[in-house]
Amino acid sequence: MDRVSAIYRIETSGDIALAAATLAGEQSSGTFVAVPGETAELKERFAARVERITELDTVAAPSLPTGRSPAATYHRAEVVVSWSVENFGTNLAALVSTLQGNLYELAQFSGLKLMDFDVPPAFAAAFRGPAFGIPGCRAFTGVYGRPLIGTIIKPSIGLTPEQTAAMVKELVEAGIDFLKDDELMADPPHSPFDARVDAVMRVINAHAQRTGKKAMYAFNVSDEHDAMHRHYDKVVASGGTCAMLSLNSVGLVAAKKICDRGQLAIHGHRNGWGMLNRHPLLGMEFPAYQKLWRLAGVDQLHVNGIANKFWEPDDSVVRSISSCLSDQPLGKPLLPVVSSGQWGGQAPETWRRTRTTDLLYMAGGGIQAHPDGPAAGVRSLQLWWEAAVEGLSFADAIDKYPALAKSAAKFGRGAA
């Protein structure tokens, strides 16, 4: 029962069962040749098991280079492999090394992708996971029954702390729920982290004292280890509620150390995700990715968006949203962050495909480039989502709420 299982999509020119056995051996007790210490008793206790093989299609060309002479055919399959938790304990770094490790370099494979994995309850119980998740982020912002509406400070780089604060002031006065640093903005000379926090939180705290509504601002604390913790302390001391991490930049262990502090909601930005996912037979799929960060303790995680500006198809985005909202592991769903070329016009299709308002729906240019200014951009997104939850189509939303025509004319895509 105490086993971790993983699903892989593989491609090989050789025998599928032999390739699967090679995968299992490489990632547990075996190596390329039998060694004296690998006794039958040791293998029974520690060797990975091939639990299931489902053959798929056959193709004429390899998906990835193998360093070997071309073969006539390449066979694809879905393979399930399991390991005893005893192999790695409750060590996330060791878990990743087991699930992935050297697999992508094995010449037997012309394609290999980690699709998903599952951990037993006893393993998950060793991790707190998200300290706040969806309920906590709603409590911080006071937003219930609809998505949190958010934006990214643009331009990404170049604004002074005072210019950033002036933009924040306009947006919080328009009723925005969430704002964040761009992932490119960390602690640069033109906008030192401490000065930016001071300027922004003066605006947010003053607005909250006056109105009772406190916007959540995700300050990008990504940096070297000691600096990240100093930045975190600064946000806490200034009355902030959220810190942002560029997850692939800082790494799983450093992110977990920040998450374990438990005073701020953690906004997980997945910049660099394309290098892990874009190829259909290399890297990992989002269901596996989000589980690693959920175990680490991230509260919010980017999932791209419907009709996005990147390559990702809508079906993939919908699956990512669904995987964040799943209870497992830990019974603590993540708050999906819908972003990337979003504006209000994608709301009807997002609602139609997901039927959830448990989203952080973010638009950068889709708010700040609104013809009537950023404040109108905030109100436009709120109204688009009202229309979406009413069940209105793109066209019907504009008919019922003529004010939406301006954003449709400006941005003009995502119509459904």
# chains A, B, ... in the order shown; residues from 1 in each chain; ligands from 1
>>> residues_around(residues="Gln290 of chain A", least_positions_apart="4", cutoff="12 Å", atoms="only C-alpha atoms", output="PDB file with C-alpha atoms, in the first residue's frame")
ATOM      1  CA  MET A 115       2.067  12.201 -17.114  1.00  0.00           C
ATOM      2  CA  ASP A 116       0.983  11.965 -13.461  1.00  0.00           C
ATOM      3  CA  PHE A 117       1.850  10.342 -10.167  1.00  0.00           C
ATOM      4  CA  ASP A 118       0.064   9.370  -6.973  1.00  0.00           C
ATOM      5  CA  GLY A 129       0.705  21.581   1.729  1.00  0.00           C
ATOM      6  CA  PRO A 130      -0.977  24.944   1.028  1.00  0.00           C
ATOM      7  CA  LEU A 247       9.060  28.256  -9.033  1.00  0.00           C
ATOM      8  CA  LEU A 252      11.374  22.898  -5.117  1.00  0.00           C
ATOM      9  CA  GLY A 268       3.440  30.186  -7.709  1.00  0.00           C
ATOM     10  CA  HIS A 269       4.535  31.459 -11.118  1.00  0.00           C
ATOM     11  CA  ARG A 270       5.531  28.712 -13.522  1.00  0.00           C
ATOM     12  CA  TRP A 273       7.056  25.820 -17.895  1.00  0.00           C
ATOM     13  CA  MET A 284       6.034  16.277 -17.632  1.00  0.00           C
ATOM     14  CA  GLU A 285       2.343  17.039 -17.761  1.00  0.00           C
ATOM     15  CA  PHE A 286       0.704  19.582 -15.478  1.00  0.00           C
ATOM     16  CA  ARG A 294       1.053  21.393  -3.791  1.00  0.00           C
ATOM     17  CA  LEU A 295       3.123  19.125  -1.560  1.00  0.00           C
ATOM     18  CA  ALA A 296       5.676  21.926  -1.228  1.00  0.00           C
ATOM     19  CA  GLY A 297       2.909  24.273  -0.020  1.00  0.00           C
ATOM     20  CA  VAL A 298       2.140  26.681  -2.860  1.00  0.00           C
ATOM     21  CA  ASP A 299      -1.353  28.242  -2.602  1.00  0.00           C
ATOM     22  CA  GLN A 300      -1.853  29.648  -6.110  1.00  0.00           C
ATOM     23  CA  LEU A 301      -0.498  28.245  -9.373  1.00  0.00           C
ATOM     24  CA  HIS A 302      -0.521  29.514 -12.945  1.00  0.00           C
ATOM     25  CA  VAL A 303      -2.495  27.455 -15.472  1.00  0.00           C
ATOM     26  CA  ARG A 319      -7.258  19.929 -17.569  1.00  0.00           C
ATOM     27  CA  SER A 320      -4.798  22.052 -15.625  1.00  0.00           C
ATOM     28  CA  ILE A 321      -7.594  23.954 -13.891  1.00  0.00           C
ATOM     29  CA  SER A 322      -9.303  20.681 -13.032  1.00  0.00           C
ATOM     30  CA  SER A 323      -6.107  19.183 -11.606  1.00  0.00           C
ATOM     31  CA  CYS A 324      -5.556  22.223  -9.347  1.00  0.00           C
ATOM     32  CA  LEU A 325      -9.120  21.961  -8.058  1.00  0.00           C
ATOM     33  CA  SER A 326      -8.804  18.241  -7.332  1.00  0.00           C
ATOM     34  CA  ASP A 327      -8.714  17.378  -3.639  1.00  0.00           C
ATOM     35  CA  GLN A 328      -5.733  15.072  -3.943  1.00  0.00           C
ATOM     36  CA  PRO A 329      -3.228  15.002  -2.509  1.00  0.00           C
ATOM     37  CA  LYS A 332      -6.290  21.025  -0.264  1.00  0.00           C
ATOM     38  CA  PRO A 333      -7.026  22.326  -3.763  1.00  0.00           C
ATOM     39  CA  LEU A 334      -4.842  25.013  -5.278  1.00  0.00           C
ATOM     40  CA  LEU A 335      -6.224  28.321  -6.557  1.00  0.00           C
ATOM     41  CA  PRO A 336      -5.763  28.197 -10.355  1.00  0.00           C
TER      42      PRO A 336
END
>>> residues_around(residues="Pro402 of chain A", least_positions_apart="6", cutoff="12 Å", atoms="only C-alpha atoms", output="PyMOL selection string")
chain A and resi 380+383-384+387+394-396+408-409
>>> residues_around(residues="Asp314 of chain A", least_positions_apart="6", cutoff="12 Å", atoms="only C-alpha atoms", output="MDAnalysis selection string")
chainID A and resid 303:308 320:321 338 346 349:350 352:354 414
>>> write_last_selection(atoms="N, CA and C atoms", output="tab-separated table (two decimals), in the first residue's frame")
chain	number	residue	atom	x	y	z
A	303	VAL	N	-1.98	28.52	-14.61
A	303	VAL	CA	-2.49	27.45	-15.47
A	303	VAL	C	-2.67	27.92	-16.92
A	304	ASN	N	-2.19	29.11	-17.27
A	304	ASN	CA	-2.44	29.68	-18.58
A	304	ASN	C	-3.93	30.08	-18.67
A	305	GLY	N	-4.47	30.26	-19.86
A	305	GLY	CA	-5.86	30.70	-19.97
A	305	GLY	C	-6.47	30.32	-21.29
A	306	ILE	N	-7.78	30.41	-21.37
A	306	ILE	CA	-8.51	30.13	-22.61
A	306	ILE	C	-8.09	31.16	-23.67
A	307	ALA	N	-7.90	30.67	-24.90
A	307	ALA	CA	-7.50	31.54	-26.03
A	307	ALA	C	-6.29	32.38	-25.65
A	308	ASN	N	-5.28	31.72	-25.08
A	308	ASN	CA	-4.12	32.42	-24.54
A	308	ASN	C	-3.16	32.86	-25.64
A	320	SER	N	-5.64	21.49	-16.68
A	320	SER	CA	-4.80	22.05	-15.62
A	320	SER	C	-5.64	22.66	-14.52
A	321	ILE	N	-6.69	23.38	-14.89
A	321	ILE	CA	-7.59	23.95	-13.89
A	321	ILE	C	-8.21	22.84	-13.05
A	338	VAL	N	-5.48	31.99	-13.74
A	338	VAL	CA	-5.73	32.08	-15.18
A	338	VAL	C	-5.07	33.36	-15.69
A	346	GLN	N	-12.78	36.37	-22.65
A	346	GLN	CA	-12.60	34.92	-22.51
A	346	GLN	C	-13.40	34.35	-21.35
A	349	GLU	N	-16.32	31.68	-22.17
A	349	GLU	CA	-15.83	30.36	-22.55
A	349	GLU	C	-15.13	29.67	-21.37
A	350	THR	N	-14.43	30.43	-20.55
A	350	THR	CA	-13.79	29.85	-19.36
A	350	THR	C	-14.84	29.26	-18.43
A	352	ARG	N	-17.92	28.33	-19.32
A	352	ARG	CA	-18.58	27.21	-20.00
A	352	ARG	C	-17.76	25.93	-19.89
A	353	ARG	N	-16.44	26.06	-19.98
A	353	ARG	CA	-15.58	24.88	-19.98
A	353	ARG	C	-15.27	24.36	-18.57
A	354	THR	N	-15.31	25.22	-17.56
A	354	THR	CA	-14.87	24.80	-16.23
A	354	THR	C	-15.98	24.80	-15.18
A	414	GLY	N	-11.01	35.83	-28.51
A	414	GLY	CA	-11.58	35.04	-27.41
A	414	GLY	C	-13.09	34.96	-27.51
>>> select_by_dssp(residues="segment 79-233 of chain A", states="helix (DSSP H, G or I)", output="PyMOL selection string")
chain A and resi 85-87+92-99+103-105+121-124+133-141+161-173+193-211+225-233
>>> write_last_selection(atoms="C-alpha atoms", output="compact mmCIF listing (two decimals), in the first residue's frame")
# COMPACT_ATOMS: atom_id res chain seq x y z
CA VAL A 85 8.09 4.88 -0.14
CA GLU A 86 11.00 3.30 1.75
CA ASN A 87 13.20 4.15 -1.26
CA LEU A 92 10.57 15.76 -2.10
CA ALA A 93 13.93 16.22 -3.81
CA ALA A 94 14.56 12.47 -3.71
CA LEU A 95 11.03 11.84 -4.98
CA VAL A 96 11.71 14.02 -8.02
CA SER A 97 15.03 12.26 -8.63
CA THR A 98 13.14 8.95 -8.54
CA LEU A 99 10.27 10.01 -10.79
CA LEU A 103 15.22 8.71 -17.49
CA TYR A 104 15.17 11.39 -20.16
CA GLU A 105 18.74 10.53 -21.16
CA PRO A 121 -1.93 8.94 2.30
CA ALA A 122 0.91 8.15 4.69
CA PHE A 123 3.37 9.97 2.40
CA ALA A 124 1.09 12.99 1.87
CA GLY A 133 -5.33 27.67 -0.60
CA ILE A 134 -8.67 28.81 -1.97
CA PRO A 135 -10.43 29.51 1.37
CA GLY A 136 -7.50 31.51 2.72
CA CYS A 137 -7.05 33.60 -0.41
CA ARG A 138 -10.77 34.41 -0.40
CA ALA A 139 -10.58 35.36 3.26
CA PHE A 140 -7.57 37.62 2.67
CA THR A 141 -9.34 39.47 -0.16
CA PRO A 161 8.50 52.33 -6.70
CA GLU A 162 6.56 55.60 -6.76
CA GLN A 163 5.27 54.98 -10.28
CA THR A 164 4.25 51.46 -9.31
CA ALA A 165 2.42 52.77 -6.25
CA ALA A 166 0.57 55.35 -8.35
CA MET A 167 -0.66 52.58 -10.65
CA VAL A 168 -1.64 50.45 -7.65
CA LYS A 169 -3.62 53.37 -6.22
CA GLU A 170 -5.72 53.69 -9.36
CA LEU A 171 -6.36 49.96 -9.48
CA VAL A 172 -7.29 49.45 -5.82
CA GLU A 173 -9.64 52.41 -6.00
CA PHE A 193 12.48 45.53 -3.21
CA ASP A 194 12.14 47.26 0.16
CA ALA A 195 11.32 50.63 -1.42
CA ARG A 196 8.72 49.04 -3.67
CA VAL A 197 7.06 47.24 -0.75
CA ASP A 198 6.96 50.47 1.27
CA ALA A 199 5.43 52.48 -1.57
CA VAL A 200 2.85 49.86 -2.56
CA MET A 201 1.77 48.88 0.95
CA ARG A 202 1.26 52.53 1.95
CA VAL A 203 -1.38 52.69 -0.77
CA ILE A 204 -2.95 49.30 -0.03
CA ASN A 205 -3.04 49.78 3.75
CA ALA A 206 -4.48 53.29 3.47
CA HIS A 207 -7.20 52.08 1.11
CA ALA A 208 -8.01 49.15 3.41
CA GLN A 209 -8.24 51.43 6.44
CA ARG A 210 -10.54 53.78 4.56
CA THR A 211 -12.79 51.20 2.84
CA HIS A 225 18.05 31.86 -0.25
CA ASP A 226 18.86 34.42 2.45
CA ALA A 227 17.54 37.31 0.38
CA MET A 228 14.22 35.52 -0.21
CA HIS A 229 13.68 35.22 3.51
CA ARG A 230 14.60 38.88 4.08
CA HIS A 231 12.10 39.87 1.40
CA TYR A 232 9.47 37.64 3.00
CA ASP A 233 10.05 39.29 6.39
>>> closest_residue(among="A:Gly251, A:Pro313, A:Pro371, A:Gly101", to="Trp293 of chain A", atoms="only C-alpha atoms")
A:Gly251
>>> closest_residue(among="A:Gln100, A:Ser84, A:Ser222, A:Ser28", to="Ile7 of chain A", atoms="only C-alpha atoms")
A:Gln100
>>> select_by_dssp(residues="segment 32-164 of chain A", states="strand (DSSP E)", output="tab-separated table (two decimals) with N, CA and C atoms, in the first residue's frame")
chain	number	residue	atom	x	y	z
A	49	ARG	N	8.50	-1.54	-9.60
A	49	ARG	CA	7.70	-2.55	-10.29
A	49	ARG	C	7.00	-1.93	-11.50
A	50	VAL	N	6.99	-2.65	-12.58
A	50	VAL	CA	6.16	-2.26	-13.73
A	50	VAL	C	4.77	-2.83	-13.46
A	51	GLU	N	3.83	-1.95	-13.20
A	51	GLU	CA	2.48	-2.38	-12.81
A	51	GLU	C	1.56	-2.61	-14.00
A	52	ARG	N	1.76	-1.83	-15.05
A	52	ARG	CA	0.85	-1.95	-16.19
A	52	ARG	C	1.51	-1.37	-17.44
A	53	ILE	N	1.25	-1.99	-18.58
A	53	ILE	CA	1.69	-1.47	-19.86
A	53	ILE	C	0.48	-1.43	-20.80
A	54	THR	N	0.22	-0.28	-21.37
A	54	THR	CA	-0.86	-0.14	-22.35
A	54	THR	C	-0.24	0.33	-23.66
A	55	GLU	N	-0.24	-0.55	-24.64
A	55	GLU	CA	0.36	-0.20	-25.92
A	55	GLU	C	-0.52	0.81	-26.65
A	56	LEU	N	0.14	1.74	-27.32
A	56	LEU	CA	-0.57	2.78	-28.06
A	56	LEU	C	-0.27	2.62	-29.55
A	57	ASP	N	0.23	3.65	-30.21
A	57	ASP	CA	0.44	3.57	-31.65
A	57	ASP	C	1.91	3.31	-31.98
A	58	THR	N	2.17	3.17	-33.27
A	58	THR	CA	3.52	3.00	-33.80
A	58	THR	C	3.78	4.08	-34.83
A	59	VAL	N	4.99	4.63	-34.81
A	59	VAL	CA	5.34	5.71	-35.74
A	59	VAL	C	6.62	5.36	-36.47
A	74	TYR	N	8.85	2.86	-34.30
A	74	TYR	CA	8.97	3.28	-32.91
A	74	TYR	C	7.61	3.07	-32.25
A	75	HIS	N	7.62	2.38	-31.15
A	75	HIS	CA	6.39	1.97	-30.48
A	75	HIS	C	6.12	2.88	-29.28
A	76	ARG	N	4.87	3.25	-29.12
A	76	ARG	CA	4.48	4.11	-28.01
A	76	ARG	C	3.58	3.33	-27.05
A	77	ALA	N	3.69	3.68	-25.77
A	77	ALA	CA	2.89	2.99	-24.75
A	77	ALA	C	2.74	3.88	-23.54
A	78	GLU	N	1.75	3.55	-22.73
A	78	GLU	CA	1.59	4.16	-21.41
A	78	GLU	C	2.02	3.12	-20.39
A	79	VAL	N	2.91	3.50	-19.51
A	79	VAL	CA	3.51	2.57	-18.56
A	79	VAL	C	3.28	3.10	-17.14
A	80	VAL	N	2.85	2.23	-16.25
A	80	VAL	CA	2.70	2.57	-14.84
A	80	VAL	C	3.78	1.83	-14.05
A	81	VAL	N	4.55	2.61	-13.27
A	81	VAL	CA	5.64	2.06	-12.46
A	81	VAL	C	5.41	2.50	-11.02
A	82	SER	N	5.76	1.63	-10.07
A	82	SER	CA	5.60	1.99	-8.66
A	82	SER	C	6.88	1.72	-7.88
A	83	TRP	N	7.02	2.45	-6.77
A	83	TRP	CA	8.16	2.35	-5.87
A	83	TRP	C	7.67	2.29	-4.43
A	84	SER	N	8.41	1.61	-3.60
A	84	SER	CA	8.16	1.66	-2.17
A	84	SER	C	8.57	3.04	-1.65
A	111	GLY	N	11.26	8.96	-26.70
A	111	GLY	CA	10.25	9.82	-26.12
A	111	GLY	C	9.90	9.34	-24.73
A	112	LEU	N	9.77	10.25	-23.78
A	112	LEU	CA	9.38	9.88	-22.42
A	112	LEU	C	8.83	11.10	-21.72
A	113	LYS	N	7.65	10.95	-21.15
A	113	LYS	CA	7.01	12.06	-20.45
A	113	LYS	C	6.31	11.54	-19.20
A	114	LEU	N	6.55	12.21	-18.07
A	114	LEU	CA	5.84	11.90	-16.83
A	114	LEU	C	4.45	12.53	-16.91
A	115	MET	N	3.43	11.71	-16.93
A	115	MET	CA	2.07	12.20	-17.11
A	115	MET	C	1.39	12.57	-15.79
A	116	ASP	N	1.63	11.74	-14.77
A	116	ASP	CA	0.98	11.97	-13.46
A	116	ASP	C	1.64	11.03	-12.46
A	117	PHE	N	1.41	11.28	-11.20
A	117	PHE	CA	1.85	10.34	-10.17
A	117	PHE	C	0.90	10.44	-8.99
A	118	ASP	N	0.90	9.40	-8.18
A	118	ASP	CA	0.06	9.37	-6.97
A	118	ASP	C	0.92	8.94	-5.79
A	148	LEU	N	-11.45	35.87	-8.17
A	148	LEU	CA	-10.64	37.02	-7.81
A	148	LEU	C	-10.16	37.66	-9.12
A	149	ILE	N	-10.32	38.96	-9.24
A	149	ILE	CA	-9.88	39.68	-10.44
A	149	ILE	C	-8.53	40.32	-10.15
A	150	GLY	N	-7.55	40.03	-11.00
A	150	GLY	CA	-6.21	40.51	-10.73
A	150	GLY	C	-5.52	41.05	-11.96
A	151	THR	N	-4.37	41.68	-11.71
A	151	THR	CA	-3.57	42.21	-12.81
A	151	THR	C	-2.09	42.12	-12.45
A	152	ILE	N	-1.27	42.30	-13.48
A	152	ILE	CA	0.18	42.32	-13.35
A	152	ILE	C	0.63	43.74	-13.64
